[in-house]
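What's in run-v8.cif: mmCIF, C-alpha atoms
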```
data_structure
loop_
_atom_site.label_atom_id
_atom_site.label_comp_id
_atom_site.auth_asym_id
_atom_site.auth_seq_id
_atom_site.Cartn_x
_atom_site.Cartn_y
_atom_site.Cartn_z
CA MET V 1 19.09 31.17 -15.20
CA PHE V 2 19.56 31.05 -11.43
CA LEU V 3 17.23 34.02 -10.98
CA ASN V 4 14.57 32.40 -13.17
CA GLN V 5 14.67 29.24 -11.07
CA ARG V 6 14.36 31.24 -7.86
CA LEU V 7 11.35 33.09 -9.27
CA LYS V 8 9.75 29.81 -10.32
CA GLY V 9 10.42 28.46 -6.85
CA MET V 10 8.75 31.48 -5.27
CA ARG V 11 5.69 31.05 -7.50
CA PHE V 12 5.50 27.36 -6.65
CA HIS V 13 5.77 28.22 -2.95
CA GLU V 14 2.80 30.55 -3.27
CA LYS V 15 0.67 28.11 -5.25
CA VAL V 16 1.35 25.02 -3.14
CA GLN V 17 -0.05 26.80 -0.10
CA GLU V 18 -3.42 27.22 -1.82
CA PRO V 19 -5.99 24.52 -0.82
CA GLY V 20 -6.73 23.70 -4.45
CA HIS V 21 -3.16 22.74 -5.30
CA PRO V 22 -2.72 18.94 -5.77
CA LEU V 23 0.25 18.88 -3.37
CA HIS V 24 -1.23 21.26 -0.79
CA LYS V 25 -2.00 18.50 1.72
CA ALA V 26 1.53 17.12 1.45
CA TRP V 27 3.03 20.61 1.92
CA THR V 28 0.82 21.28 4.94
CA GLU V 29 1.72 17.91 6.46
CA LEU V 30 5.48 18.44 6.03
CA SER V 31 5.24 21.97 7.44
CA ARG V 32 3.84 20.80 10.77
CA PRO V 33 6.27 20.44 13.70
CA GLY V 34 7.42 17.08 15.04
CA ALA V 35 7.56 13.57 13.62
CA ALA V 36 4.54 12.16 11.79
CA GLY V 37 2.43 9.61 13.64
CA ILE V 38 0.04 6.94 12.45
CA VAL V 39 -2.95 9.27 12.13
CA ASP V 40 -0.89 11.81 10.18
CA ARG V 41 0.14 9.11 7.71
CA LEU V 42 -3.48 8.19 7.12
CA LYS V 43 -4.43 11.73 6.15
CA VAL V 44 -1.94 12.19 3.31
CA LYS V 45 -0.97 9.81 0.53
CA ARG V 46 2.67 8.78 0.66
CA LEU V 47 2.90 9.18 -3.11
CA GLU V 48 1.96 12.88 -2.79
CA VAL V 49 4.67 13.41 -0.17
CA HIS V 50 7.13 11.62 -2.44
CA LYS V 51 6.19 13.81 -5.42
CA LEU V 52 6.52 16.99 -3.38
CA LEU V 53 9.92 16.17 -1.88
CA THR V 54 11.30 14.83 -5.14
CA GLY V 55 10.06 17.86 -7.04
CA ILE V 56 11.44 20.55 -4.76
CA ARG V 57 14.75 18.73 -4.28
CA ASP V 58 15.21 18.50 -8.04
CA ARG V 59 13.97 21.99 -8.96
CA TYR V 60 13.72 24.26 -5.92
CA PRO V 61 15.95 22.86 -3.15
CA GLU V 62 15.79 26.14 -1.23
CA LEU V 63 12.10 25.49 -0.49
CA GLU V 64 12.87 22.55 1.78
CA SER V 65 13.96 25.08 4.41
CA HIS V 66 10.27 26.01 4.77
CA LEU V 67 9.46 22.45 5.88
CA ASP V 68 9.94 20.99 9.34
CA PRO V 69 13.14 18.87 9.31
CA GLU V 70 11.88 16.37 11.88
CA ARG V 71 8.61 15.96 9.99
CA VAL V 72 10.41 15.43 6.70
CA ALA V 73 12.79 12.92 8.28
CA SER V 74 9.88 10.88 9.63
CA TRP V 75 8.44 10.60 6.11
CA ASP V 76 11.81 10.24 4.43
CA PRO V 77 13.78 7.50 6.23
CA LYS V 78 17.26 6.66 5.02
CA PRO V 79 17.77 2.99 4.07
CA ASP V 80 20.61 1.00 5.59
CA ASP V 81 22.71 1.32 2.44
CA GLY V 82 23.03 5.07 2.91
CA THR V 83 20.92 6.07 -0.05
CA SER V 84 17.91 8.28 0.44
CA GLY V 85 14.34 7.41 -0.32
CA ILE V 86 10.82 8.45 0.46
CA GLY V 87 9.38 5.77 2.66
CA PRO V 88 8.85 2.14 1.76
CA ARG V 89 9.13 1.61 -1.95
CA ILE V 90 8.87 -1.62 -3.83
CA VAL V 91 10.24 -1.76 -7.36
CA ARG V 92 8.81 -4.87 -8.87
CA GLY V 93 10.58 -6.56 -11.77
CA ILE V 94 8.71 -9.13 -13.84
CA VAL V 95 10.42 -11.61 -16.10
CA ILE V 96 8.13 -12.94 -18.78
CA VAL V 97 9.61 -15.41 -21.27
CA LEU V 98 13.15 -14.41 -20.26
CA VAL V 99 12.47 -10.66 -20.53
CA VAL V 100 13.21 -8.68 -17.35
CA LEU V 101 11.46 -5.36 -16.85
CA ALA V 102 11.05 -3.33 -13.69
CA ILE V 103 7.82 -1.71 -12.58
CA PRO V 104 8.03 1.00 -9.92
CA ARG V 105 5.30 0.60 -7.34
CA MET V 106 4.55 2.67 -4.27
CA LEU V 107 3.18 0.76 -1.34
CA SER V 108 0.72 2.88 0.64
CA GLN V 109 1.25 2.65 4.38
CA CYS V 110 -0.92 3.56 7.28
CA SER V 111 1.49 2.65 10.06
CA ASP V 112 4.17 4.79 11.65
CA GLY V 113 6.07 1.74 12.86
CA SER V 114 6.42 3.08 16.39
CA GLU V 115 6.74 0.44 19.07
CA ASP V 116 6.34 2.92 21.90
CA SER V 117 3.25 4.81 20.77
CA ALA V 118 0.72 5.18 23.56
CA PRO V 119 -2.56 3.41 22.88
CA PRO V 120 -5.22 5.80 21.59
CA ILE V 121 -8.13 6.75 23.79
CA ALA V 122 -11.08 4.58 22.80
CA VAL V 123 -14.04 6.46 21.37
CA LEU V 124 -16.23 3.39 20.93
CA SER V 125 -17.23 0.99 23.67
CA ASP V 126 -15.37 -2.31 24.06
CA ALA V 127 -18.35 -4.15 22.59
CA GLU V 128 -18.42 -1.86 19.56
CA VAL V 129 -14.68 -2.25 19.05
CA ASP V 130 -14.98 -6.05 19.28
CA ALA V 131 -17.76 -5.98 16.68
CA LYS V 132 -15.49 -4.10 14.27
CA VAL V 133 -12.66 -6.56 14.87
CA ARG V 134 -14.96 -9.54 14.24
CA GLU V 135 -16.01 -8.00 10.92
CA ILE V 136 -12.37 -8.18 9.89
CA PHE V 137 -11.15 -11.48 11.33
CA GLY V 138 -14.34 -13.45 11.98
CA LEU V 139 -16.42 -14.21 15.05
CA SER V 140 -13.63 -15.99 16.93
CA VAL V 141 -11.41 -12.89 17.18
CA ASP V 142 -12.01 -9.84 19.40
CA MET V 143 -9.67 -6.99 20.33
CA ASP V 144 -8.26 -8.87 23.31
CA ALA V 145 -7.28 -11.71 20.98
CA VAL V 146 -5.51 -9.26 18.66
CA LYS V 147 -3.67 -7.75 21.64
CA ARG V 148 -2.44 -11.17 22.74
CA VAL V 149 -1.13 -12.06 19.30
CA ASP V 150 0.18 -8.70 18.07
CA PRO V 151 0.04 -5.77 20.55
CA LYS V 152 1.46 -3.30 18.03
CA LEU V 153 -1.22 -4.13 15.47
CA ALA V 154 -3.87 -3.85 18.19
CA ARG V 155 -2.81 -0.27 18.97
CA GLU V 156 -2.85 0.75 15.33
CA LEU V 157 -6.11 -1.06 14.59
CA LEU V 158 -7.81 0.68 17.51
CA THR V 159 -6.74 4.01 16.04
CA ALA V 160 -8.20 3.02 12.67
CA ILE V 161 -11.45 1.88 14.30
CA ASN V 162 -11.78 5.21 16.08
CA LYS V 163 -10.83 7.19 12.95
CA PRO V 164 -12.94 5.59 10.18
CA ASP V 165 -13.09 8.90 8.32
CA ILE V 166 -9.36 8.50 7.63
CA VAL V 167 -9.28 4.81 6.75
CA LEU V 168 -11.83 2.04 7.18
CA PRO V 169 -10.54 -0.50 9.73
CA LEU V 170 -10.89 -3.39 7.28
CA ASN V 171 -8.95 -1.47 4.64
CA PHE V 172 -6.24 -0.68 7.17
CA VAL V 173 -5.74 -4.40 7.79
CA ARG V 174 -5.83 -5.06 4.04
CA LEU V 175 -3.03 -2.52 3.58
CA GLN V 176 -1.01 -4.20 6.30
CA ALA V 177 -1.54 -7.54 4.55
CA LEU V 178 -0.16 -6.10 1.31
CA GLY V 179 2.94 -4.91 3.15
CA SER V 180 3.65 -8.24 4.83
CA ALA V 181 5.51 -9.98 1.99
CA GLU V 182 8.98 -9.10 3.33
CA VAL V 183 8.50 -11.09 6.54
CA ALA V 184 5.85 -13.65 5.60
CA ASP V 185 6.69 -17.35 5.51
CA ARG V 186 5.47 -19.62 2.73
CA ASP V 187 2.00 -20.20 4.22
CA ALA V 188 1.50 -16.49 4.86
CA LEU V 189 2.68 -15.63 1.34
CA GLU V 190 0.10 -17.98 -0.12
CA ALA V 191 -2.60 -16.40 2.05
CA ARG V 192 -1.54 -12.92 0.95
CA ALA V 193 -1.58 -13.92 -2.73
CA GLU V 194 -5.07 -15.37 -2.41
CA LEU V 195 -6.27 -12.20 -0.71
CA LYS V 196 -4.95 -10.11 -3.57
CA ALA V 197 -6.77 -12.33 -6.07
CA ILE V 198 -10.01 -11.89 -4.13
CA TRP V 199 -9.59 -8.11 -3.99
CA LEU V 200 -8.64 -7.66 -7.64
CA THR V 201 -11.48 -9.88 -8.85
CA ALA V 202 -14.00 -7.88 -6.82
CA ALA V 203 -12.48 -4.57 -7.89
CA GLN V 204 -12.48 -5.52 -11.58
CA ALA V 205 -16.17 -6.37 -11.33
CA LYS V 206 -16.92 -2.83 -10.14
CA SER V 207 -14.99 -0.65 -12.59
CA ALA V 208 -11.63 -0.07 -14.25
CA GLN V 209 -10.95 2.82 -11.87
CA ILE V 210 -11.63 0.71 -8.77
CA CYS V 211 -9.45 -2.06 -10.18
CA ARG V 212 -6.58 0.37 -10.73
CA MET V 213 -6.92 1.63 -7.16
CA ALA V 214 -6.74 -1.93 -5.87
CA MET V 215 -3.69 -2.71 -8.03
CA ASP V 216 -1.90 0.39 -6.77
CA GLY V 217 -2.63 -0.47 -3.13
CA ASP V 218 -4.91 2.56 -2.80
CA LEU V 219 -7.34 0.73 -0.54
CA ARG V 220 -8.08 3.38 2.08
CA ALA V 221 -11.56 4.36 0.94
CA LEU V 222 -12.27 1.33 -1.23
CA THR V 223 -15.52 -0.60 -0.81
CA LEU V 224 -15.49 -4.06 -2.36
CA ASP V 225 -18.53 -6.29 -2.79
CA PHE V 226 -18.09 -9.97 -1.91
CA SER V 227 -20.30 -13.00 -1.81
CA GLU V 228 -20.83 -14.43 1.67
CA LYS V 229 -18.43 -17.23 0.81
CA GLU V 230 -15.67 -14.89 -0.36
CA ARG V 231 -16.13 -12.62 2.65
CA ALA V 232 -15.73 -15.59 4.98
CA ARG V 233 -12.65 -16.66 3.03
CA GLU V 234 -11.12 -13.20 3.38
CA GLN V 235 -11.67 -13.36 7.14
CA ASP V 236 -9.98 -16.77 7.29
CA LEU V 237 -6.96 -15.51 5.36
CA LEU V 238 -6.61 -12.30 7.37
CA ARG V 239 -6.84 -14.36 10.55
CA LYS V 240 -4.02 -16.56 9.25
CA LEU V 241 -1.84 -13.48 8.69
CA LEU V 242 -2.75 -12.22 12.16
CA GLU V 243 -1.65 -15.51 13.69
CA ALA V 244 1.57 -15.32 11.66
CA LYS V 245 2.26 -11.93 13.31
CA VAL V 246 3.04 -10.17 10.03
CA LEU V 247 0.29 -7.54 9.98
CA SER V 248 2.21 -4.94 11.99
CA HIS V 249 5.30 -5.09 9.78
CA MET V 250 6.60 -1.81 8.32
CA PRO V 251 8.08 -2.63 4.88
CA LYS V 252 11.57 -1.38 4.07
CA GLY V 253 11.14 -1.76 0.34
CA GLY V 254 13.81 -2.50 -2.24
CA GLU V 255 14.08 -4.09 -5.64
CA THR V 256 12.33 -7.40 -6.26
CA ARG V 257 12.66 -9.37 -9.47
CA TYR V 258 10.81 -12.54 -10.27
CA ALA V 259 10.24 -14.79 -13.23
CA ILE V 260 6.77 -15.97 -14.11
CA PRO V 261 7.18 -19.65 -15.07
CA GLY V 262 5.80 -20.85 -18.39
CA TRP V 263 2.86 -22.77 -16.92
CA LEU V 264 1.75 -19.68 -15.01
CA VAL V 265 2.08 -17.49 -18.11
CA ASN V 266 -0.12 -19.93 -20.04
CA ASP V 267 -2.76 -19.99 -17.31
CA THR V 268 -2.72 -16.19 -17.12
CA LEU V 269 -3.07 -15.94 -20.91
CA GLU V 270 -6.09 -18.22 -20.86
CA ARG V 271 -7.79 -16.33 -18.04
CA SER V 272 -7.08 -12.87 -19.46
CA GLY V 273 -7.89 -13.57 -23.10
CA LEU V 274 -4.85 -11.48 -24.08
CA SER V 275 -2.13 -12.41 -26.54
CA LEU V 276 1.36 -13.04 -25.18
CA GLU V 277 2.61 -9.68 -26.43
CA ARG V 278 -0.35 -7.82 -24.97
CA LEU V 279 0.04 -9.64 -21.66
CA LYS V 280 3.74 -8.78 -21.48
CA ALA V 281 2.99 -5.16 -22.31
CA ALA V 282 0.20 -4.94 -19.73
CA LEU V 283 2.27 -6.46 -16.92
CA THR V 284 5.30 -4.30 -17.62
CA ASP V 285 3.58 -0.97 -18.28
CA PRO V 286 1.87 0.62 -15.25
CA ASP V 287 -0.19 2.83 -17.57
CA SER V 288 -1.44 0.04 -19.82
CA ALA V 289 -5.19 0.09 -20.44
CA GLU V 290 -5.16 -3.72 -20.07
CA ARG V 291 -3.17 -3.81 -16.86
CA CYS V 292 -6.22 -4.59 -14.73
CA GLU V 293 -7.14 -7.63 -16.82
CA ALA V 294 -3.55 -8.87 -16.81
CA GLU V 295 -2.85 -8.48 -13.08
CA THR V 296 -6.23 -9.89 -12.08
CA ALA V 297 -5.72 -12.91 -14.33
CA LEU V 298 -2.22 -13.46 -12.92
CA ALA V 299 -3.51 -13.27 -9.35
CA GLN V 300 -6.33 -15.70 -10.16
CA ALA V 301 -3.87 -18.12 -11.76
CA VAL V 302 -1.66 -17.99 -8.68
CA ARG V 303 -4.68 -18.57 -6.46
CA ALA V 304 -5.65 -21.64 -8.47
CA SER V 305 -2.27 -23.39 -7.96
CA PRO V 306 -0.42 -21.68 -5.09
CA LYS V 307 1.76 -24.68 -4.19
CA LYS V 308 3.41 -24.61 -7.61
CA VAL V 309 4.22 -20.89 -7.53
CA PRO V 310 7.84 -19.93 -6.70
CA ASP V 311 8.42 -17.92 -3.53
CA ASP V 312 9.75 -14.90 -5.42
CA VAL V 313 6.54 -14.67 -7.46
CA LEU V 314 4.43 -14.80 -4.31
CA LYS V 315 6.53 -12.05 -2.74
CA GLY V 316 6.42 -9.85 -5.83
CA LEU V 317 2.73 -10.29 -6.58
#
```

Once you've parsed the file, please lay out its structure as structure tokens.
Amino acid sequence: MFLNQRLKGMRFHEKVQEPGHPLHKAWTELSRPGAAGIVDRLKVKRLEVHKLLTGIRDRYPELESHLDPERVASWDPKPDDGTSGIGPRIVRGIVIVLVVLAIPRMLSQCSDGSEDSAPPIAVLSDAEVDAKVREIFGLSVDMDAVKRVDPKLARELLTAINKPDIVLPLNFVRLQALGSAEVADRDALEARAELKAIWLTAAQAKSAQICRMAMDGDLRALTLDFSEKERAREQDLLRKLLEAKVLSHMPKGGETRYAIPGWLVNDTLERSGLSLERLKAALTDPDSAERCEAETALAQAVRASPKKVPDDVLKGL
């Protein structure tokens, strides 16, 4: 039995080094020397790194010796409680009509959380950089304004602007907005919830696949089509999160449970056109074919009456 496992491990080791293997990028990333930086984290999906490390630790633990320990540690921080985990993870529990179910969700991150990282060398001119920043936050905000409010975000945003092949600058900021729930105050939580409603509505209008990507936080290469009014609203909301200084936060993750109140369930039912049982199934099953309709309807219902929504729902949305 032991010999069979070792042979399987050897075969996996050979295959994962082939460019066509689904975890090849993650293996290559974890094999490189030194801690991962912001650009490295943009090149590889955190979920792929998680799958690789979880898989070899469960089945072929001897293979981890082929990876760089410092690199692995930078992707695999240990939470304060002493348990191990692969990066920020949010397990979202939804209570619908007194039923509590947990949904595992991976939050994609593009930030390395380093306070001391040297600012990247600008490839674009200052005017070009400012134009990119204004596309995100509106005409009143340039890079100098971002630096004054949140220097850490400014460094990371400049990297994204100069590396658009890795992640579009706007999508980088959208990802940071998704990860801000842990530190956002009530006003910022409402802004974040409205942003998610805008994104899901636009994604659903494009296709089921695009909607699923938006739900899963896979925004890196996503292009969403907005009306001029919605685009201006997104800029207003992102500017509000910038001013709240929550866009450079690196989420720690953890378990979040929240109860959807009856009035919000009813509004979501009406918007989705689903029955109560189908809505419950869609919101509690990540693989449900109706998950997009359910989550989009929930986000729209929250957007319609944000002041009535409990804090824990806004954080878990």

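Residue nearest Val123 of chain V, chosen from V:Leu219, V:Val146, V:Ala160, V:Ala154 and counting all atoms listed in the file: V:Ala160.
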
(request) Using all atoms listed in the file, find the one residue out of V:Gly273, V:Pro19, V:Gly217, V:Gly37 that sits nearest to Arg174 of chain V. (result) V:Gly217

(request) May I ask for the distance between atom CA of Asp130 of chain V and atom CA of Met250 of chain V, given in Å to one decimal place? (result)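 Pair atom CA of Asp130 of chain V / atom CA of Met250 of chain V returns 24.6 Å.
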
Contact check, segment 140-226 of chain V to segment 278-291 of chain V, at most 12 Å, counting only C-alpha atoms, closest pairs as CSV:
```
residue,atom,partner,partner_atom,distance
V:Leu200,CA,V:Arg291,CA,11.4
V:Gln204,CA,V:Arg291,CA,10.8
V:Ala208,CA,V:Ala289,CA,8.9
V:Gln209,CA,V:Ala289,CA,10.7
V:Cys211,CA,V:Arg291,CA,9.3
V:Arg212,CA,V:Arg291,CA,8.2
V:Met213,CA,V:Arg291,CA,11.7
V:Ala214,CA,V:Arg291,CA,11.7
V:Met215,CA,V:Arg291,CA,8.9
V:Asp216,CA,V:Pro286,CA,9.3
```

(request) Compare V:Leu175, V:Val16, V:Ala232, V:Leu269 by their minimum atom-to-atom distance to His249 of chain V, counting all atoms listed in the file, and give me the closest one. (result)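 Among the listed residues, V:Leu175 lies closest to His249 of chain V.
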
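Taking all atoms listed in the file into account, Gly55 of chain V lies nearest to V:His13 out of the set V:Lys315, V:Arg303, V:Lys152, V:His13.
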
(message) Could you tell me how far atom CA of Arg220 of chain V sits from atom CA of Leu52 of chain V, in Å to one decimal place?
(response)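 We find that atom CA of Leu52 of chain V and atom CA of Arg220 of chain V lie 20.7 Å from each other.
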
(message) Taking 2 positions as the minimum chain separation for residues in the same chain, which residues sit within 10 Å of Phe172 of chain V when counting all atoms listed in the file? Answer as a list in words.
(response)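 Listed by chain and then number, they are Leu42, Gln109, Cys110, Ser111, Glu156, Leu157, Ala160, Ile161, Pro164, Ile166, Val167, Leu168, Pro169, Leu170, Arg174, Leu175, Gln176, Ala177, Leu219, Arg220, Ala221 and Leu247 of chain V.
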
(request) Kindly indicate which residue among V:Ala294, V:Val72, V:Ala181, V:Ala259 lies nearest to Ala36 of chain V, using all atoms listed in the file for the distances. (result)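 Using all atoms listed in the file, the shortest distance to Ala36 of chain V belongs to V:Val72.
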
(message) Given the PyMOL selection byres ((chain V and resi 22) around 12) and the file above, list the residues it selects as an MDAnalysis selection string.
(response) chainID V and resid 12 15:21 23:28 44:45 47:49 51:52

(request) To one decimal in Å, tell me the separation between atom CA of Arg233 of chain V and atom CA of Leu264 of chain V. (result) 23.3 Å

(request) I need the residue set behind the PyMOL selection byres ((chain V and resi 299) around 10) for this file; please write it as an MDAnalysis selection string. (result) chainID V and resid 193:201 268 294:298 300:304 306 314 317

(message) Show me, as a VMD selection string, the residues that have an atom within 10 Å of Val141 of chain V when counting only C-alpha atoms, minus same-chain residues fewer than 5 positions from it.
(response) chain V and resid 130 to 131 133 to 136 146 239

(message) Counting only C-alpha atoms, which residue out of V:Arg6, V:Arg186, V:Lys308, V:Lys43 sits closest to Pro261 of chain V?
(response)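 Residue with the minimum atom-to-atom distance to Pro261 of chain V: V:Lys308.
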
(message) Could you list, as JSON, numbers by chain, every residue within 9 Å of Leu53 of chain V, counting only C-alpha atoms and ignoring same-chain residues fewer than 3 positions away?
(response) {"V": [48, 49, 50, 56, 57, 58, 64, 72, 76, 86]}

(message) Can you translate the PyMOL selection byres ((chain V and resi 185) around 12) into the concrete residues it hits in this file, as a ChimeraX atom specification?
(response) /V:180-184,186-192,240-241,243-246,311-312,314-315
